[in-house]
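Peer 1: my_file-v5.tsv is the file, holding TSV, C-alpha atoms:
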```
chain	number	residue	atom	x	y	z
K	5	MET	CA	-19.89	-28.83	-30.30
K	6	ASP	CA	-19.63	-25.10	-31.00
K	7	SER	CA	-16.46	-24.62	-33.08
K	8	THR	CA	-15.65	-21.42	-31.17
K	9	VAL	CA	-15.69	-23.04	-27.72
K	10	ARG	CA	-13.50	-25.77	-26.32
K	11	SER	CA	-13.83	-27.07	-22.81
K	12	SER	CA	-10.93	-28.47	-20.81
K	13	ASP	CA	-12.41	-31.99	-20.89
K	14	ALA	CA	-12.91	-32.01	-24.67
K	15	SER	CA	-12.34	-35.37	-26.38
K	16	PRO	CA	-9.62	-35.67	-29.05
K	17	ASP	CA	-12.33	-35.56	-31.75
K	18	ASP	CA	-13.88	-32.44	-30.19
K	19	SER	CA	-10.45	-30.88	-30.03
K	20	ASP	CA	-9.79	-31.68	-33.70
K	21	ARG	CA	-13.13	-30.19	-34.71
K	22	TRP	CA	-12.52	-27.09	-32.63
K	23	VAL	CA	-9.05	-26.39	-34.00
K	24	THR	CA	-10.14	-27.21	-37.56
K	25	GLY	CA	-12.97	-24.67	-37.27
K	26	LEU	CA	-10.58	-22.07	-35.85
K	27	PHE	CA	-8.11	-22.86	-38.63
K	28	GLU	CA	-10.59	-22.67	-41.51
K	29	ALA	CA	-11.99	-19.36	-40.28
K	30	ASN	CA	-8.69	-17.62	-39.59
K	31	VAL	CA	-5.77	-19.19	-41.43
K	32	GLY	CA	-5.89	-16.65	-44.25
K	33	ALA	CA	-5.67	-13.65	-41.95
K	34	ALA	CA	-3.04	-15.35	-39.80
K	35	PHE	CA	-0.92	-16.08	-42.87
K	36	ASN	CA	-1.17	-12.49	-44.08
K	37	VAL	CA	-0.07	-11.12	-40.72
K	38	ALA	CA	2.79	-13.62	-40.48
K	39	TYR	CA	3.93	-13.04	-44.06
K	40	ARG	CA	3.88	-9.25	-43.79
K	41	ILE	CA	6.05	-9.42	-40.67
K	42	THR	CA	8.51	-12.15	-41.65
K	43	TRP	CA	8.43	-11.42	-45.38
K	44	SER	CA	9.13	-15.07	-46.02
K	45	ARG	CA	6.53	-17.57	-47.14
K	46	THR	CA	8.34	-20.46	-45.46
K	47	ASP	CA	8.69	-18.60	-42.15
K	48	ALA	CA	5.09	-17.41	-42.33
K	49	LEU	CA	3.88	-21.00	-42.69
K	50	ASP	CA	5.98	-22.01	-39.66
K	51	VAL	CA	4.60	-19.08	-37.68
K	52	VAL	CA	1.01	-19.98	-38.57
K	53	GLN	CA	1.57	-23.61	-37.65
K	54	ASP	CA	3.12	-22.70	-34.29
K	55	ALA	CA	0.39	-20.16	-33.58
K	56	PHE	CA	-2.39	-22.70	-34.09
K	57	ILE	CA	-0.56	-25.28	-31.98
K	58	LYS	CA	-0.19	-22.72	-29.18
K	59	ALA	CA	-3.82	-21.72	-29.54
K	60	MET	CA	-4.88	-25.35	-29.26
K	61	ARG	CA	-2.77	-25.87	-26.14
K	62	ARG	CA	-4.03	-22.64	-24.58
K	63	ALA	CA	-7.66	-23.07	-25.60
K	64	ASP	CA	-8.81	-22.76	-22.00
K	65	GLN	CA	-7.46	-19.20	-21.93
K	66	LEU	CA	-10.00	-18.11	-24.53
K	67	ARG	CA	-12.66	-16.64	-22.26
K	68	GLU	CA	-14.80	-14.98	-24.91
K	69	PRO	CA	-15.46	-17.24	-27.92
K	70	THR	CA	-16.56	-14.22	-29.98
K	71	LYS	CA	-13.00	-12.97	-29.70
K	72	ALA	CA	-11.40	-16.13	-31.10
K	73	ARG	CA	-10.12	-14.31	-34.17
K	74	SER	CA	-8.37	-11.48	-32.33
K	75	TRP	CA	-7.03	-13.96	-29.75
K	76	LEU	CA	-5.59	-16.20	-32.47
K	77	LEU	CA	-4.18	-13.25	-34.43
K	78	SER	CA	-2.55	-11.80	-31.33
K	79	ILE	CA	-0.80	-15.16	-30.81
K	80	THR	CA	0.22	-15.14	-34.49
K	81	TYR	CA	1.49	-11.56	-34.20
K	82	ARG	CA	3.69	-12.40	-31.22
K	83	GLU	CA	4.95	-15.59	-32.87
K	84	ALA	CA	5.88	-13.64	-36.01
K	85	LEU	CA	7.73	-10.98	-34.02
K	86	SER	CA	9.53	-13.73	-32.16
K	87	MET	CA	10.51	-15.35	-35.47
K	88	LEU	CA	11.74	-12.00	-36.73
K	89	ARG	CA	13.85	-11.44	-33.64
K	90	SER	CA	15.39	-14.89	-33.89
K	91	ARG	CA	16.41	-14.31	-37.47
K	92	ARG	CA	19.30	-12.10	-38.42
K	93	GLU	CA	17.99	-11.04	-41.79
K	94	THR	CA	14.71	-11.17	-43.66
K	95	ALA	CA	14.26	-13.26	-46.78
K	96	THR	CA	12.81	-11.53	-49.80
K	97	ASP	CA	12.59	-14.11	-52.53
K	98	PRO	CA	11.04	-12.33	-55.53
K	99	SER	CA	9.36	-15.57	-56.58
K	100	GLU	CA	7.21	-15.26	-53.49
K	101	LEU	CA	5.28	-12.54	-55.27
K	102	ASP	CA	3.63	-15.44	-57.08
K	103	GLY	CA	1.65	-15.93	-53.93
K	104	LEU	CA	-0.15	-12.63	-54.42
K	105	SER	CA	-3.82	-13.01	-55.10
K	106	GLY	CA	-5.37	-12.38	-58.47
K	107	SER	CA	-8.17	-14.10	-60.31
K	108	ALA	CA	-8.18	-12.25	-63.65
K	109	GLN	CA	-7.98	-14.54	-66.67
K	110	ASP	CA	-6.89	-12.12	-69.42
K	111	PRO	CA	-3.06	-12.43	-69.64
K	112	ALA	CA	-2.65	-8.65	-70.06
K	113	ASP	CA	-4.87	-8.12	-67.05
K	114	VAL	CA	-2.89	-10.68	-65.07
K	115	VAL	CA	0.33	-8.83	-65.90
K	116	ALA	CA	-1.20	-5.48	-64.97
K	117	ARG	CA	-2.53	-6.87	-61.70
K	118	ARG	CA	0.82	-8.44	-60.87
K	119	GLU	CA	2.64	-5.22	-61.61
K	120	LEU	CA	0.25	-3.30	-59.40
K	121	ALA	CA	0.46	-5.94	-56.68
K	122	ALA	CA	4.27	-5.82	-56.88
K	123	LEU	CA	4.25	-2.03	-56.53
K	124	ILE	CA	2.00	-2.20	-53.50
K	125	ASP	CA	4.01	-5.07	-52.09
K	126	ALA	CA	7.26	-3.12	-52.33
K	127	ALA	CA	5.69	-0.06	-50.75
K	128	ILE	CA	4.23	-2.09	-47.87
K	129	MET	CA	7.60	-3.75	-47.35
K	130	ARG	CA	9.23	-0.36	-46.81
K	131	LEU	CA	6.90	0.47	-43.91
K	132	ALA	CA	8.28	0.00	-40.42
K	133	GLU	CA	6.87	-3.18	-38.87
K	134	PRO	CA	4.50	-1.54	-36.37
K	135	LEU	CA	2.88	0.52	-39.14
K	136	ARG	CA	2.88	-2.41	-41.57
K	137	THR	CA	1.10	-4.80	-39.24
K	138	ALA	CA	-1.51	-2.22	-38.26
K	139	PHE	CA	-2.12	-1.46	-41.94
K	140	VAL	CA	-2.44	-5.13	-42.90
K	141	LEU	CA	-4.91	-5.81	-40.10
K	142	ARG	CA	-7.03	-2.72	-40.85
K	143	ASP	CA	-6.85	-2.32	-44.62
K	144	VAL	CA	-5.98	-5.75	-46.00
K	145	GLU	CA	-7.88	-7.89	-43.49
K	146	GLU	CA	-10.42	-5.07	-42.94
K	147	LEU	CA	-10.74	-5.65	-39.20
K	148	PRO	CA	-12.42	-3.04	-36.98
K	149	ILE	CA	-9.91	-0.66	-35.38
K	150	ALA	CA	-10.86	-1.89	-31.89
K	151	GLU	CA	-9.89	-5.42	-32.91
K	152	VAL	CA	-6.63	-4.18	-34.42
K	153	ALA	CA	-5.85	-2.55	-31.07
K	154	GLU	CA	-6.65	-5.79	-29.22
K	155	ILE	CA	-4.38	-7.86	-31.46
K	156	LEU	CA	-1.49	-5.42	-31.21
K	157	GLY	CA	-1.98	-4.97	-27.46
K	158	ILE	CA	-2.14	-1.18	-27.74
K	159	GLY	CA	-4.87	1.45	-27.45
K	160	VAL	CA	-7.38	2.38	-30.13
K	161	SER	CA	-5.87	5.87	-30.55
K	162	ALA	CA	-2.38	4.44	-31.01
K	163	SER	CA	-3.74	1.93	-33.53
K	164	LYS	CA	-5.47	4.68	-35.49
K	165	MET	CA	-2.24	6.65	-35.48
K	166	ARG	CA	-0.30	3.69	-36.91
K	167	VAL	CA	-2.89	3.10	-39.61
K	168	ALA	CA	-2.94	6.81	-40.49
K	169	ARG	CA	0.84	6.98	-40.75
K	170	ALA	CA	0.97	3.81	-42.86
K	171	ARG	CA	-1.70	5.08	-45.24
K	172	GLU	CA	0.07	8.41	-45.58
K	173	GLN	CA	3.46	6.83	-46.25
K	174	LEU	CA	1.94	4.50	-48.83
K	175	ARG	CA	0.06	7.33	-50.49
K	176	VAL	CA	3.29	9.30	-50.88
K	177	ALA	CA	5.21	6.21	-52.01
K	178	LEU	CA	2.62	5.29	-54.63
K	179	GLU	CA	1.90	8.82	-55.81
K	180	GLY	CA	2.09	8.90	-59.58
K	181	GLU	CA	1.90	5.10	-59.78
K	182	ILE	CA	-1.77	4.57	-59.01
D	146	MET	CA	-12.13	23.00	-40.42
D	147	GLN	CA	-8.50	23.67	-41.35
D	148	CYS	CA	-6.22	21.44	-43.45
D	149	SER	CA	-4.27	20.28	-40.37
D	150	GLU	CA	-7.48	19.30	-38.57
D	151	LEU	CA	-8.66	17.31	-41.57
D	152	ALA	CA	-5.28	15.59	-41.86
D	153	ALA	CA	-5.58	14.49	-38.22
D	154	LYS	CA	-9.09	13.16	-38.80
D	155	LEU	CA	-8.56	11.67	-42.25
D	156	THR	CA	-8.44	8.06	-41.08
D	157	ASP	CA	-11.70	8.46	-39.15
D	158	PHE	CA	-13.25	10.27	-42.11
D	159	ILE	CA	-12.33	7.48	-44.53
D	160	ASP	CA	-13.48	4.84	-42.06
D	161	GLY	CA	-16.78	6.67	-41.51
D	162	SER	CA	-16.22	7.04	-37.80
D	163	LEU	CA	-16.39	10.82	-37.41
D	164	ASP	CA	-19.41	12.23	-35.62
D	165	PRO	CA	-21.94	13.90	-37.96
D	166	ALA	CA	-20.86	17.48	-37.13
D	167	GLU	CA	-17.20	16.71	-37.77
D	168	GLU	CA	-18.04	14.84	-40.94
D	169	ALA	CA	-20.06	17.80	-42.23
D	170	ALA	CA	-17.18	20.16	-41.44
D	171	ALA	CA	-14.74	17.87	-43.25
D	172	ILE	CA	-16.98	17.69	-46.33
D	173	GLU	CA	-17.33	21.46	-46.31
D	174	HIS	CA	-13.55	21.89	-46.16
D	175	LEU	CA	-12.96	19.33	-48.91
D	176	ALA	CA	-15.34	21.18	-51.22
D	177	THR	CA	-13.05	24.20	-51.15
D	178	CYS	CA	-9.57	22.68	-50.75
D	179	GLY	CA	-8.12	20.92	-53.77
D	180	GLU	CA	-5.01	19.84	-51.89
D	181	CYS	CA	-6.93	18.01	-49.17
D	182	GLU	CA	-9.24	16.55	-51.77
D	183	ALA	CA	-6.21	15.12	-53.61
D	184	VAL	CA	-4.80	13.67	-50.39
D	185	LEU	CA	-8.16	12.08	-49.61
D	186	ALA	CA	-8.43	10.58	-53.10
D	187	GLY	CA	-4.88	9.20	-52.94
D	188	THR	CA	-5.43	7.72	-49.49
D	189	ARG	CA	-8.71	6.14	-50.55
D	190	SER	CA	-6.91	4.58	-53.53
D	191	VAL	CA	-4.29	3.09	-51.20
D	192	VAL	CA	-7.00	1.59	-48.98
D	193	ALA	CA	-8.92	0.20	-51.96
D	194	LEU	CA	-5.81	-1.26	-53.61
D	195	ALA	CA	-4.64	-2.82	-50.37
D	196	SER	CA	-7.85	-4.75	-49.89
D	197	GLU	CA	-7.85	-5.85	-53.52
D	198	HIS	CA	-4.19	-6.57	-54.25
D	199	ALA	CA	-2.18	-6.93	-51.05
D	200	ARG	CA	-3.61	-10.19	-49.73
D	201	VAL	CA	-1.27	-13.17	-49.83
D	202	ASP	CA	-2.96	-16.55	-50.02
D	203	LEU	CA	-1.93	-20.04	-48.99
D	204	SER	CA	-2.23	-22.78	-51.56
D	205	GLY	CA	-4.57	-25.67	-50.87
D	206	ASP	CA	-1.56	-27.92	-50.28
D	207	GLU	CA	-0.06	-25.49	-47.79
D	208	ARG	CA	-3.34	-25.25	-45.89
D	209	ASP	CA	-3.68	-29.05	-45.75
D	210	ARG	CA	-0.08	-29.53	-44.68
D	211	VAL	CA	-0.21	-26.96	-41.88
D	212	LEU	CA	-3.57	-28.21	-40.58
D	213	SER	CA	-2.43	-31.83	-40.53
D	214	ARG	CA	0.70	-30.86	-38.59
D	215	VAL	CA	-1.36	-28.86	-36.11
D	216	LEU	CA	-3.76	-31.77	-35.59
D	217	ALA	CA	-0.84	-34.20	-35.21
D	218	ALA	CA	0.73	-31.93	-32.59
D	219	GLY	CA	-2.60	-31.87	-30.75
D	220	ARG	CA	-2.75	-35.66	-30.61
D	221	GLU	CA	0.81	-35.82	-29.32
D	222	GLY	CA	-0.27	-33.48	-26.53
```
What is this file in structure tokens?
Peer 2:
Amino acid sequence: MDSTVRSSDASPDDSDRWVTGLFEANVGAAFNVAYRITWSRTDALDVVQDAFIKAMRRADQLREPTKARSWLLSITYREALSMLRSRRETATDPSELDGLSGSAQDPADVVARRELAALIDAAIMRLAEPLRTAFVLRDVEELPIAEVAEILGIGVSASKMRVARAREQLRVALEGEI
Amino acid sequence: MQCSELAAKLTDFIDGSLDPAEEAAAIEHLATCGECEAVLAGTRSVVALASEHARVDLSGDERDRVLSRVLAAGREG
């Protein structure tokens, strides 16, 4: 069975294969979106889990299999916003910076990369959510701007504007640091 | 092209989505405007650093745990 398509009469095994394929292909991007909105690793994991469960239960609503990623990420985006609204304050555990990527082996290089990652992290955190999410989708996940627009449920021009404002604010924030 | 026009089109310029005439005009302006050139370089650095350093990954355990919960929820219906 094509991992991007699930019919309404799919068997449990087909359903497992379908959602596993969707998960393997998109969990990284979904986690990044959820984490950058909730700013909590624990909440982001809950958001991702709930998003995939909703996707699985709404699989019949996915009309265009080629748009599975943007469909899943739009569900994740709404779940993350919902989590944010239901929470009074955001968690910012500094130890969560350990989750930042980095594959360098030289200890000095690891430290330098972590310092740089922490600088970028702090600057991204200061962006307003609409700008932050657009930036993460476009420049961290490197999605086409049309797909960013689809996920956010806004127009391409508005998406470009958000990305432009985010880049500009980050450039100013990181001036002299990078 | 003026500085304000380039600023408005900077995202498209960086993303390579300007039409050829606009792109040529932007390049021509950048060749003579140090300020815009500095803004472009800084913005390109932000974009490059974001893709290299701003990704947050799940651990293997986290991936396995979330997937197994999703699959269990699917079997429960």
Peer 1: Using only C-alpha atoms, which protein or nucleic acid residues come within 8 Å of Cys181 of chain D? Drop anything in the same chain fewer than 5 positions from it, and give the result as a VMD selection string.
Peer 2: chain D and resid 148 151 to 152 175
Peer 1: Could you make a table, as a tab-separated table, of the residues of chain K that have an atom within 7 Å of an atom of chain D, each with its nearest atom pair and distance in Å to one decimal, counting all atoms listed in the file, in chain and number order?
Peer 2:
```
residue	atom	partner	partner_atom	distance
K:Asp20	CA	D:Leu216	CA	6.3
K:Gly32	CA	D:Asp202	CA	6.5
K:Asn36	CA	D:Val201	CA	5.8
K:Gln53	CA	D:Val211	CA	5.7
K:Phe56	CA	D:Val215	CA	6.6
K:Ile57	CA	D:Val215	CA	5.5
K:Gly103	CA	D:Val201	CA	5.7
K:Leu104	CA	D:Val201	CA	4.8
K:Ser105	CA	D:Val201	CA	5.9
K:Ala121	CA	D:His198	CA	5.3
K:Ile124	CA	D:Ala199	CA	6.8
K:Asp125	CA	D:Ala199	CA	6.5
K:Asp143	CA	D:Val192	CA	5.9
K:Val144	CA	D:Ser196	CA	4.4
K:Ala168	CA	D:Thr156	CA	5.7
K:Arg171	CA	D:Thr188	CA	6.2
K:Glu172	CA	D:Thr188	CA	6.8
K:Leu174	CA	D:Val191	CA	6.8
K:Arg175	CA	D:Thr188	CA	5.6
```
Peer 1: May I have the residues from that selection written out with C-alpha atoms, as a tab-separated table (two decimals), in the frame of the given file?
Peer 2:
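selection17.tsv was written with the following content:
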```
chain	number	residue	atom	x	y	z
K	20	ASP	CA	-9.79	-31.68	-33.70
K	32	GLY	CA	-5.89	-16.65	-44.25
K	36	ASN	CA	-1.17	-12.49	-44.08
K	53	GLN	CA	1.57	-23.61	-37.65
K	56	PHE	CA	-2.39	-22.70	-34.09
K	57	ILE	CA	-0.56	-25.28	-31.98
K	103	GLY	CA	1.65	-15.93	-53.93
K	104	LEU	CA	-0.15	-12.63	-54.42
K	105	SER	CA	-3.82	-13.01	-55.10
K	121	ALA	CA	0.46	-5.94	-56.68
K	124	ILE	CA	2.00	-2.20	-53.50
K	125	ASP	CA	4.01	-5.07	-52.09
K	143	ASP	CA	-6.85	-2.32	-44.62
K	144	VAL	CA	-5.98	-5.75	-46.00
K	168	ALA	CA	-2.94	6.81	-40.49
K	171	ARG	CA	-1.70	5.08	-45.24
K	172	GLU	CA	0.07	8.41	-45.58
K	174	LEU	CA	1.94	4.50	-48.83
K	175	ARG	CA	0.06	7.33	-50.49
```
Peer 1: One decimal, Å: what's the distance from atom CA of Asp47 of chain K over to atom CA of Leu120 of chain K, could you say?
Peer 2: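 Taking atom CA of Asp47 of chain K as the start and atom CA of Leu120 of chain K as the end point, the length is 24.6 Å.
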Peer 1: Please, what distance in Å, to one decimal, runs between atom CA of Gly157 of chain K and atom CA of Glu150 of chain D?
Peer 2: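 We find that atom CA of Gly157 of chain K and atom CA of Glu150 of chain D lie 27.3 Å from each other.
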Peer 1: Using atom CA of Ala55 of chain K and atom CA of Ser161 of chain K as the two end points, give the distance in Å to one decimal.
Peer 2: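 About the pair atom CA of Ala55 of chain K and atom CA of Ser161 of chain K: they are 26.9 Å apart.
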Peer 1: Where's the centre, and what are the edge lengths in Å to one decimal, of a box along x, y and z enclosing all listed atoms of segment 79-87 of chain K padded 4 Å per side, as JSON?
Peer 2:
```
{"center_x": 4.9, "center_y": -13.3, "center_z": -33.4, "size_x": 19.3, "size_y": 12.6, "size_z": 13.2}
```
Peer 1: Just the residues within 9 Å of Ser74 of chain K, please, counting all atoms listed in the file, with nothing from its chain fewer than 6 positions along; format it as number ranges by chain.
Peer 2: K: 151-152, 154-155
Peer 1: Export, as a compact mmCIF listing (two decimals), in the frame of the given file, the selected residues with C-alpha atoms.
Peer 2:
```txt
# COMPACT_ATOMS: atom_id res chain seq x y z
CA GLU K 151 -9.89 -5.42 -32.91
CA VAL K 152 -6.63 -4.18 -34.42
CA GLU K 154 -6.65 -5.79 -29.22
CA ILE K 155 -4.38 -7.86 -31.46
```
